[in-house]
>>> print(open('work.txt').read())   # compact mmCIF, C-alpha atoms and all ligand atoms
# COMPACT_ATOMS: atom_id res chain seq x y z
CA MET A 1 2.77 -20.39 -19.26
CA ILE A 2 0.25 -23.02 -18.22
CA PRO A 3 -1.09 -25.20 -21.02
CA VAL A 4 -4.66 -24.07 -21.45
CA ASN A 5 -6.14 -27.50 -21.90
CA SER A 6 -4.54 -29.12 -18.83
CA VAL A 7 -6.78 -28.13 -15.93
CA SER A 8 -9.33 -25.60 -16.90
CA VAL A 9 -12.76 -26.09 -18.34
CA GLN A 10 -12.99 -22.33 -18.75
CA PRO A 11 -12.34 -20.49 -21.99
CA VAL A 12 -8.81 -19.47 -23.00
CA ARG A 13 -9.05 -16.05 -21.33
CA THR A 14 -8.70 -17.59 -17.85
CA GLU A 15 -5.10 -18.66 -18.52
CA LYS A 16 -3.23 -17.36 -15.50
CA THR A 17 0.26 -16.16 -14.83
CA ALA A 18 2.13 -17.25 -11.69
CA TRP A 19 1.08 -14.20 -9.68
CA GLN A 20 -2.57 -14.56 -10.63
CA GLN A 21 -2.46 -18.18 -9.65
CA GLN A 22 -1.12 -17.21 -6.22
CA LEU A 23 -3.97 -14.74 -5.86
CA GLY A 24 -6.29 -17.71 -6.26
CA GLU A 25 -4.65 -19.33 -3.22
CA LEU A 26 -4.94 -16.53 -0.66
CA ILE A 27 -5.47 -17.27 3.01
CA THR A 28 -8.89 -15.84 3.86
CA ASP A 29 -9.83 -17.31 7.22
CA LEU A 30 -8.32 -17.35 10.69
CA PRO A 31 -7.80 -21.12 11.13
CA SER A 32 -5.84 -21.29 7.86
CA LEU A 33 -3.72 -18.31 8.90
CA LEU A 34 -2.94 -19.86 12.30
CA HIS A 35 -2.11 -23.14 10.64
CA ALA A 36 0.18 -21.53 8.05
CA CYS A 37 2.08 -19.69 10.81
CA GLN A 38 2.11 -22.74 13.13
CA LEU A 39 0.34 -20.84 15.89
CA VAL A 40 -1.35 -22.54 18.83
CA SER A 41 -3.09 -21.24 22.00
CA PRO A 42 -3.60 -17.52 21.45
CA PRO A 43 -2.45 -15.36 24.39
CA GLU A 44 -5.22 -12.81 23.81
CA ALA A 45 -8.80 -13.04 22.66
CA LEU A 46 -8.88 -13.17 18.89
CA ALA A 47 -11.57 -11.32 17.06
CA ASP A 48 -14.85 -13.06 16.61
CA LEU A 49 -14.64 -13.38 12.87
CA GLU A 50 -18.39 -13.32 12.39
CA ARG A 51 -18.30 -9.71 13.46
CA VAL A 52 -15.14 -8.47 11.80
CA SER A 53 -16.19 -6.39 8.82
CA PHE A 54 -12.66 -6.43 7.41
CA PRO A 55 -11.90 -10.10 6.86
CA VAL A 56 -8.59 -11.93 7.23
CA ARG A 57 -6.65 -11.93 3.99
CA THR A 58 -3.04 -12.58 3.10
CA THR A 59 -0.84 -14.27 0.52
CA ARG A 60 0.85 -17.54 1.37
CA PHE A 61 4.14 -15.84 0.56
CA TYR A 62 3.62 -13.16 3.22
CA ALA A 63 2.58 -15.80 5.78
CA SER A 64 5.85 -17.61 5.01
CA LEU A 65 7.79 -14.53 6.15
CA VAL A 66 6.21 -14.77 9.62
CA THR A 67 8.41 -16.55 12.19
CA PRO A 68 6.56 -19.84 12.82
CA GLY A 69 4.90 -20.05 16.21
CA ASP A 70 5.64 -16.45 17.25
CA TRP A 71 2.49 -14.61 18.35
CA HIS A 72 4.49 -11.40 18.66
CA ASP A 73 5.93 -11.45 15.19
CA PRO A 74 5.76 -7.91 13.76
CA LEU A 75 4.61 -9.15 10.36
CA LEU A 76 1.90 -11.32 11.88
CA ARG A 77 0.63 -8.37 13.88
CA GLN A 78 -0.20 -6.58 10.63
CA ILE A 79 -2.57 -9.31 9.44
CA LEU A 80 -4.04 -10.87 12.59
CA PRO A 81 -7.45 -9.51 13.70
CA TRP A 82 -7.90 -8.82 17.41
CA GLN A 83 -10.99 -8.38 19.48
CA ARG A 84 -9.96 -4.82 20.29
CA GLU A 85 -10.53 -3.80 16.66
CA GLN A 86 -14.20 -3.73 17.58
CA HIS A 87 -13.77 -1.28 20.45
CA ASP A 88 -14.95 2.28 19.89
CA VAL A 89 -12.10 4.68 20.62
CA PRO A 90 -12.75 8.44 20.70
CA GLY A 91 -11.03 10.22 17.80
CA PHE A 92 -11.00 7.14 15.57
CA SER A 93 -13.56 7.27 12.76
CA ILE A 94 -14.45 5.41 9.57
CA ASP A 95 -13.30 8.13 7.13
CA PRO A 96 -10.47 9.90 9.00
CA LEU A 97 -9.13 11.62 5.89
CA GLN A 98 -12.51 12.85 4.66
CA GLU A 99 -11.68 11.51 1.24
CA ARG A 100 -15.29 11.18 0.23
CA SER A 101 -15.68 14.94 -0.03
CA ALA A 102 -12.53 15.29 -2.17
CA SER A 103 -13.69 12.98 -4.91
CA PRO A 104 -14.88 14.85 -8.02
CA LEU A 105 -15.45 11.60 -9.96
CA PRO A 106 -15.68 7.91 -9.08
CA GLY A 107 -12.14 6.58 -8.66
CA LEU A 108 -10.50 10.03 -8.40
CA ILE A 109 -9.38 11.94 -5.30
CA HIS A 110 -8.14 15.47 -5.92
CA LYS A 111 -6.96 17.10 -2.70
CA TYR A 112 -3.48 18.40 -3.57
CA ARG A 113 -3.01 20.93 -6.33
CA THR A 114 -0.42 19.26 -8.56
CA ARG A 115 -1.19 15.58 -8.08
CA VAL A 116 -4.28 13.41 -7.98
CA LEU A 117 -4.95 9.99 -6.51
CA LEU A 118 -6.50 7.36 -8.70
CA VAL A 119 -8.31 4.45 -7.07
CA PRO A 120 -8.90 2.11 -10.01
CA THR A 121 -9.57 -0.99 -7.92
CA SER A 122 -10.67 -1.84 -4.42
CA ALA A 123 -8.88 -5.19 -4.38
CA CYS A 124 -5.86 -6.04 -2.23
CA ALA A 125 -3.94 -9.29 -1.82
CA ILE A 126 -3.62 -8.64 1.90
CA HIS A 127 -5.78 -6.96 4.50
CA CYS A 128 -3.59 -4.85 6.75
CA ARG A 129 -5.36 -4.37 10.05
CA TYR A 130 -4.27 -0.72 10.26
CA CYS A 131 -5.56 0.18 6.79
CA PHE A 132 -7.25 3.59 6.73
CA ARG A 133 -9.47 2.47 3.87
CA ARG A 134 -10.78 -0.53 5.81
CA HIS A 135 -14.25 1.03 5.85
CA PHE A 136 -14.14 2.34 2.28
CA PRO A 137 -17.48 1.66 0.57
CA TYR A 138 -15.78 -0.71 -1.82
CA ASP A 139 -18.92 -2.60 -2.84
CA GLY A 140 -19.92 -1.41 -6.24
CA HIS A 141 -16.59 0.35 -6.74
CA ARG A 142 -15.91 -0.56 -10.34
CA ILE A 143 -13.88 1.74 -12.55
CA GLY A 144 -14.34 0.71 -16.16
CA ALA A 145 -13.59 2.28 -19.53
CA ASP A 146 -16.31 4.96 -19.14
CA GLU A 147 -15.01 6.09 -15.76
CA ARG A 148 -11.47 6.07 -17.14
CA GLN A 149 -12.46 8.35 -19.98
CA ALA A 150 -14.23 10.73 -17.62
CA ILE A 151 -11.11 10.91 -15.45
CA VAL A 152 -8.86 11.57 -18.44
CA ARG A 153 -11.23 14.36 -19.56
CA TYR A 154 -11.08 15.86 -16.07
CA LEU A 155 -7.29 15.79 -16.17
CA HIS A 156 -7.24 17.52 -19.56
CA GLU A 157 -9.21 20.33 -17.92
CA HIS A 158 -6.88 20.66 -14.91
CA PRO A 159 -3.50 21.93 -16.15
CA ASP A 160 -2.07 22.26 -12.62
CA VAL A 161 -1.99 18.48 -12.25
CA ASN A 162 1.29 16.93 -13.43
CA GLU A 163 1.34 13.65 -11.56
CA VAL A 164 -1.17 10.82 -11.34
CA ILE A 165 -0.79 8.50 -8.36
CA PHE A 166 -2.28 5.02 -8.62
CA SER A 167 -3.47 4.01 -5.19
CA GLY A 168 -6.11 1.65 -3.92
CA GLY A 169 -6.87 -0.97 -2.96
CA ASP A 170 -3.71 -2.07 -4.67
CA PRO A 171 -3.31 -0.79 -8.23
CA LEU A 172 -1.00 -3.65 -9.20
CA MET A 173 -3.96 -5.98 -8.74
CA LEU A 174 -5.03 -4.71 -12.16
CA THR A 175 -3.93 -6.75 -15.15
CA ASP A 176 -1.04 -5.53 -17.28
CA LYS A 177 -3.54 -4.90 -20.04
CA ALA A 178 -5.72 -2.66 -17.89
CA LEU A 179 -2.68 -0.72 -16.69
CA HIS A 180 -1.49 -0.36 -20.26
CA HIS A 181 -4.83 1.23 -21.24
CA TRP A 182 -4.61 3.65 -18.32
CA LEU A 183 -1.07 4.75 -19.09
CA GLN A 184 -1.76 5.16 -22.78
CA ASP A 185 -4.74 7.40 -22.06
CA LEU A 186 -2.93 9.39 -19.39
CA ALA A 187 0.03 10.01 -21.71
CA THR A 188 -2.33 11.99 -23.97
CA VAL A 189 -2.69 14.66 -21.27
CA PRO A 190 0.09 17.12 -22.17
CA HIS A 191 0.73 18.59 -18.71
CA LEU A 192 1.18 15.20 -17.02
CA ASP A 193 4.84 14.20 -16.67
CA THR A 194 4.90 11.57 -13.91
CA VAL A 195 2.98 8.43 -13.04
CA ARG A 196 3.35 6.95 -9.60
CA PHE A 197 2.20 3.61 -8.18
CA HIS A 198 1.73 2.99 -4.48
CA SER A 199 1.66 -0.72 -3.88
CA ARG A 200 2.13 -3.34 -1.22
CA LEU A 201 1.89 -6.18 -3.74
CA PRO A 202 5.66 -6.46 -4.39
CA ILE A 203 6.09 -7.06 -0.64
CA VAL A 204 3.40 -9.71 -0.31
CA LEU A 205 3.66 -11.20 -3.82
CA PRO A 206 7.06 -10.44 -5.40
CA ASP A 207 6.12 -12.47 -8.47
CA ARG A 208 3.86 -9.57 -9.46
CA LEU A 209 6.94 -7.67 -10.62
CA THR A 210 7.13 -9.37 -14.01
CA PRO A 211 9.20 -8.11 -16.95
CA GLU A 212 5.89 -7.53 -18.76
CA LEU A 213 4.69 -5.18 -16.04
CA GLN A 214 8.01 -3.36 -16.09
CA ASN A 215 7.55 -2.85 -19.83
CA VAL A 216 4.05 -1.44 -19.32
CA LEU A 217 5.37 1.11 -16.82
CA THR A 218 8.23 2.27 -19.03
CA ALA A 219 6.34 2.23 -22.34
CA THR A 220 4.98 5.80 -22.29
CA ARG A 221 6.62 9.22 -22.02
CA LEU A 222 5.46 9.47 -18.38
CA GLN A 223 8.25 9.07 -15.84
CA PRO A 224 7.46 6.09 -13.60
CA VAL A 225 7.79 5.98 -9.82
CA LEU A 226 7.04 2.91 -7.70
CA VAL A 227 6.45 3.50 -3.99
CA LEU A 228 6.48 0.25 -2.04
CA HIS A 229 4.70 -0.11 1.29
CA ALA A 230 7.07 -2.01 3.59
CA ASN A 231 6.86 -1.49 7.32
CA HIS A 232 9.60 -3.85 8.49
CA GLY A 233 13.03 -4.88 7.20
CA ARG A 234 12.00 -8.53 6.97
CA GLU A 235 9.41 -7.52 4.37
CA ILE A 236 12.31 -6.78 2.00
CA SER A 237 12.59 -10.47 1.21
CA PRO A 238 15.33 -12.08 -0.91
CA ALA A 239 12.60 -12.83 -3.47
CA LEU A 240 11.71 -9.12 -3.69
CA SER A 241 15.35 -8.01 -3.93
CA ALA A 242 15.90 -10.44 -6.79
CA VAL A 243 12.93 -9.35 -8.89
CA ILE A 244 13.24 -5.63 -8.25
CA ALA A 245 16.88 -5.18 -9.29
CA PRO A 246 16.09 -4.80 -13.01
CA TRP A 247 13.40 -2.23 -12.24
CA GLN A 248 15.90 0.21 -10.90
CA ARG A 249 18.16 -0.36 -13.91
CA ALA A 250 15.17 0.33 -16.19
CA GLY A 251 14.95 3.86 -14.79
CA ILE A 252 12.01 3.36 -12.45
CA THR A 253 12.42 5.44 -9.29
CA LEU A 254 11.95 3.16 -6.27
CA LEU A 255 10.76 4.59 -2.95
CA ASN A 256 9.15 3.23 0.19
CA GLN A 257 6.50 4.50 2.53
CA ALA A 258 5.99 2.96 5.94
CA VAL A 259 3.41 3.48 8.63
CA LEU A 260 4.69 3.83 12.19
CA LEU A 261 2.91 0.99 14.01
CA ALA A 262 2.99 0.07 17.69
CA GLY A 263 4.33 -3.44 18.17
CA VAL A 264 5.54 -3.61 14.56
CA ASN A 265 8.24 -1.00 13.98
CA ASP A 266 8.06 1.54 16.84
CA ASN A 267 11.66 1.14 17.92
CA LEU A 268 14.92 2.52 16.63
CA LEU A 269 16.59 -0.78 15.79
CA THR A 270 13.68 -1.88 13.59
CA LEU A 271 13.35 1.45 11.78
CA ARG A 272 17.06 1.60 11.15
CA ALA A 273 17.11 -1.98 9.86
CA LEU A 274 14.21 -1.13 7.52
CA SER A 275 16.11 1.80 5.98
CA LYS A 276 19.22 -0.35 5.59
CA ALA A 277 17.29 -3.22 4.00
CA LEU A 278 15.61 -0.82 1.58
CA PHE A 279 18.91 0.71 0.58
CA ALA A 280 20.45 -2.72 -0.02
CA ALA A 281 17.61 -3.31 -2.50
CA HIS A 282 18.18 0.14 -4.12
CA ILE A 283 14.97 1.57 -2.65
CA LEU A 284 15.00 4.88 -0.76
CA PRO A 285 12.78 5.62 2.24
CA TYR A 286 10.24 8.33 1.41
CA TYR A 287 7.65 8.71 4.15
CA LEU A 288 7.17 7.40 7.65
CA HIS A 289 3.48 8.00 8.30
CA GLN A 290 1.79 8.60 11.57
CA LEU A 291 -1.25 6.32 11.67
CA ASP A 292 -4.50 7.65 10.27
CA SER A 293 -7.11 7.55 13.02
CA VAL A 294 -9.32 4.90 11.52
CA ALA A 295 -11.79 3.02 13.69
CA GLY A 296 -10.41 -0.44 14.53
CA ALA A 297 -6.73 0.52 14.41
CA ALA A 298 -6.27 2.45 17.67
CA HIS A 299 -4.01 -0.25 19.11
CA PHE A 300 -1.41 0.60 16.43
CA ALA A 301 -1.15 4.29 17.36
CA VAL A 302 2.22 5.70 18.45
CA PRO A 303 2.17 9.04 20.33
CA ASP A 304 3.73 11.98 18.46
CA GLU A 305 6.29 12.50 21.23
CA LYS A 306 7.61 8.98 20.74
CA ALA A 307 7.50 9.28 16.93
CA LEU A 308 9.60 12.44 17.08
CA LEU A 309 12.17 10.83 19.38
CA LEU A 310 12.49 7.88 17.03
CA HIS A 311 12.88 10.22 14.10
CA GLU A 312 15.64 12.15 15.90
CA GLY A 313 17.36 8.84 16.58
CA LEU A 314 17.23 7.92 12.90
CA LYS A 315 18.77 11.26 11.95
CA GLU A 316 21.66 10.58 14.31
CA GLN A 317 22.30 7.08 13.08
CA LEU A 318 21.70 7.25 9.34
CA PRO A 319 22.75 9.41 6.41
CA GLY A 320 20.06 11.92 5.48
CA TYR A 321 19.03 9.98 2.39
CA LEU A 322 18.00 7.01 4.56
CA VAL A 323 15.82 9.06 6.91
CA PRO A 324 12.16 9.03 5.83
CA ARG A 325 10.11 12.20 6.25
CA LEU A 326 7.85 11.84 9.29
CA VAL A 327 4.40 12.93 8.18
CA ARG A 328 0.74 12.94 9.00
CA GLU A 329 -2.25 13.41 6.74
CA ILE A 330 -4.52 16.16 8.08
CA PRO A 331 -7.80 16.79 6.25
CA GLU A 332 -8.08 20.18 4.50
CA GLN A 333 -4.28 20.67 4.38
CA PRO A 334 -2.76 21.33 0.92
CA ASN A 335 -0.12 18.64 1.43
CA LYS A 336 1.08 16.12 3.99
CA THR A 337 2.12 17.72 7.25
CA TRP A 338 5.77 17.21 8.19
CA LEU A 339 6.27 16.62 11.91
CA PRO A 340 6.85 18.44 14.13
CA ALA A 341 3.94 20.49 12.79
CA GLU A 342 4.23 24.15 13.67
CA GLY A 343 1.94 25.14 16.49
CA LYS A 344 0.70 21.57 16.92
CA LEU A 345 3.25 20.29 19.41
C1 LIG B 401 -0.56 11.41 0.04
C2 LIG B 401 -1.45 11.95 -0.99
C3 LIG B 401 -0.93 12.42 -2.22
C4 LIG B 401 0.54 12.38 -2.55
O1 LIG B 401 1.27 13.20 -1.71
P1 LIG B 401 2.83 13.34 -1.93
O2 LIG B 401 3.27 14.24 -0.84
O3 LIG B 401 3.05 13.89 -3.30
O4 LIG B 401 3.42 11.98 -1.82
C5 LIG B 401 -1.82 12.95 -3.12
N1 LIG B 401 -3.15 13.03 -2.87
C6 LIG B 401 -3.67 12.59 -1.71
C7 LIG B 401 -5.13 12.71 -1.48
C8 LIG B 401 -2.84 12.03 -0.73
O5 LIG B 401 -3.37 11.58 0.40
S1 LIG B 402 -4.92 -0.58 0.77
FE1 LIG B 402 -2.79 -1.00 1.42
S2 LIG B 402 -2.84 -0.88 3.66
FE2 LIG B 402 -4.96 -1.13 2.96
S3 LIG B 402 -5.33 -3.33 3.03
FE3 LIG B 402 -4.69 -2.82 0.93
S4 LIG B 402 -2.48 -3.19 0.94
FE4 LIG B 402 -3.10 -3.04 3.09
>>> encode(input="work.txt", output="structure tokens", more="lines below")
Ligand SMILES: *Cc1c(COP(=O)(O)O)cnc(C)c1O
Ligand code: SF4
Amino acid sequence: MIPVNSVSVQPVRTEKTAWQQQLGELITDLPSLLHACQLVSPPEALADLERVSFPVRTTRFYASLVTPGDWHDPLLRQILPWQREQHDVPGFSIDPLQERSASPLPGLIHKYRTRVLLVPTSACAIHCRYCFRRHFPYDGHRIGADERQAIVRYLHEHPDVNEVIFSGGDPLMLTDKALHHWLQDLATVPHLDTVRFHSRLPIVLPDRLTPELQNVLTATRLQPVLVLHANHGREISPALSAVIAPWQRAGITLLNQAVLLAGVNDNLLTLRALSKALFAAHILPYYLHQLDSVAGAAHFAVPDEKALLLHEGLKEQLPGYLVPRLVREIPEQPNKTWLPAEGKL
């Protein structure tokens, strides 16, 4: 704990934990990012930042995982804006999943019958260039106690729903206290049995996985699942492995979802190393997603034919429990579509 009187002229409530302090030190502009990664003379035209609507953003920790000086580093590629993000590409739109029409209440997306997505915050510690919510109308997206109560009422009225999935933004950007309120309220809904968090924060800020947060997640009758978002084996850092070990022992199911990304992980060696690194940290691969066709991310797309070949290769080289399901999100479908999709290929 930081002594309250040492630095701050603010009231006591601004006392910050280590992870919150690191959030105050994010890299939010291109020169700082290039400096942190020791990059000089770009080989391609970088985006004109004045015109990038989705600004540069990363933690210092994540930047430290990038190989210094390597413009082709697969981790760097996920956070570095390129000029081509501004190109219009047919088939790539600002709301590829048509989520706006599936939202019965602010902060709630109900597309699948038995589980709902909760979007309690728009904040992220990192801006992934491929993010399908990069055009989400986040301004004014504030889910407070009133919205929370409305969502809990909605869930009481929908007995088919048994799982609530915290998504975002990044739900672990919320304070422990806010998460505690959510889980307490959700536990009052009798037909809910599972609470799931999808988060990239453990990858980019392992210090977020505090014992206090672990206690919040295991404090109710709801069975907790944590789905990490790692796309590359080097994102399973020693720091993450160290902090996450007790989570598994506490009975929290640990899974990972990755997005198949050109120039990041679209080769067999990298995908296999990712599964192996996850397993070493007691995390199982869950999904390997085909990219959502969001405007600005076309340069990350991998053709289905190649995705299927890679997936076949993984099946040959890994035990079944280390092969993620290859999926795509198709609007109007009652669940994710497992590839190869019947009649689509
Ligand atoms: C992906 C997703 C879910 C969760 O799907 P699972 O197959 O259970 O992981 C739920 N709702 C929406 C809208 C989704 O996009
Ligand atoms: S929502 Fe996920 S993919 Fe999108 S910017 Fe945030 S952390 Fe990255």
>>> residues_around(input="work.txt", residues="stretch 277-280 of chain A", least_positions_apart="5", cutoff="10 Å", atoms="all atoms listed in the file", output="PyMOL selection string")
chain A and resi 228+230+232-237+241+254-256+271-272+285+321-322
>>> residues_near_ligand(input="work.txt", ligand="ligand LIG 402 (chain B)", cutoff="6 Å", atoms="only C-alpha atoms and all ligand atoms", output="PyMOL selection string")
chain A and resi 124+126-128+131+133+168-170+200
>>> residues_near_ligand(input="work.txt", ligand="ligand LIG 401 (chain B)", cutoff="7 Å", atoms="only C-alpha atoms and all ligand atoms", output="number ranges by chain")
A: 109-112, 115-117, 165, 329, 335-336
>>> residues_around(input="work.txt", residues="A:His87", least_positions_apart="3", cutoff="10 Å", atoms="only C-alpha atoms", output="VMD selection string")
chain A and resid 83 to 84 90 295 to 299
>>> closest_residue(input="work.txt", among="A:Lys315, A:Lys276, A:Arg60, A:His289", to="A:Glu25", atoms="all atoms listed in the file")
A:Arg60
>>> closest_residue(input="work.txt", among="A:Leu268, A:Leu217, A:Ile151, A:Ala123", to="A:Pro106", atoms="all atoms listed in the file")
A:Ile151
>>> residues_around(input="work.txt", residues="A:Glu305", least_positions_apart="3", cutoff="12 Å", atoms="only C-alpha atoms", output="number ranges by chain")
A: 266, 290, 301-302, 308-312, 339-341, 344-345
>>> atom_distance(input="work.txt", atom1="atom CA of A:Ala239", atom2="atom CA of A:Val66")
14.7 Å
>>> axis_aligned_box(input="work.txt", around="stretch 55-67 of chain A", padding_each_side="5 Å", output="AutoDock Vina command-line options")
--center_x -1.7 --center_y -13.9 --center_z 6.4 --size_x 30.3 --size_y 17.5 --size_z 21.7
>>> atom_distance(input="work.txt", atom1="atom CA of A:Glu316", atom2="atom CA of A:Ile283")
20.3 Å
>>> residues_around(input="work.txt", residues="A:Phe197", least_positions_apart="3", cutoff="6 Å", atoms="only C-alpha atoms", output="PyMOL selection string")
chain A and resi 165-166+226-227
>>> atom_distance(input="work.txt", atom1="atom CA of A:Leu105", atom2="atom CA of A:His158")
13.4 Å
>>> closest_residue(input="work.txt", among="A:Leu155, A:Leu192, A:Ile244, A:Ala178", to="A:Ile143", atoms="all atoms listed in the file")
A:Ala178
>>> closest_residue(input="work.txt", among="A:Ala18, A:Ala281, A:Leu201, A:Leu65", to="A:Cys37", atoms="all atoms listed in the file")
A:Leu65
>>> closest_residue(input="work.txt", among="A:Leu80, A:Leu205, A:Leu284, A:Leu108", to="A:Leu46", atoms="only C-alpha atoms")
A:Leu80
>>> closest_residue(input="work.txt", among="A:His181, A:Lys16, A:His191, A:Arg100", to="A:Val161", atoms="only C-alpha atoms")
A:His191
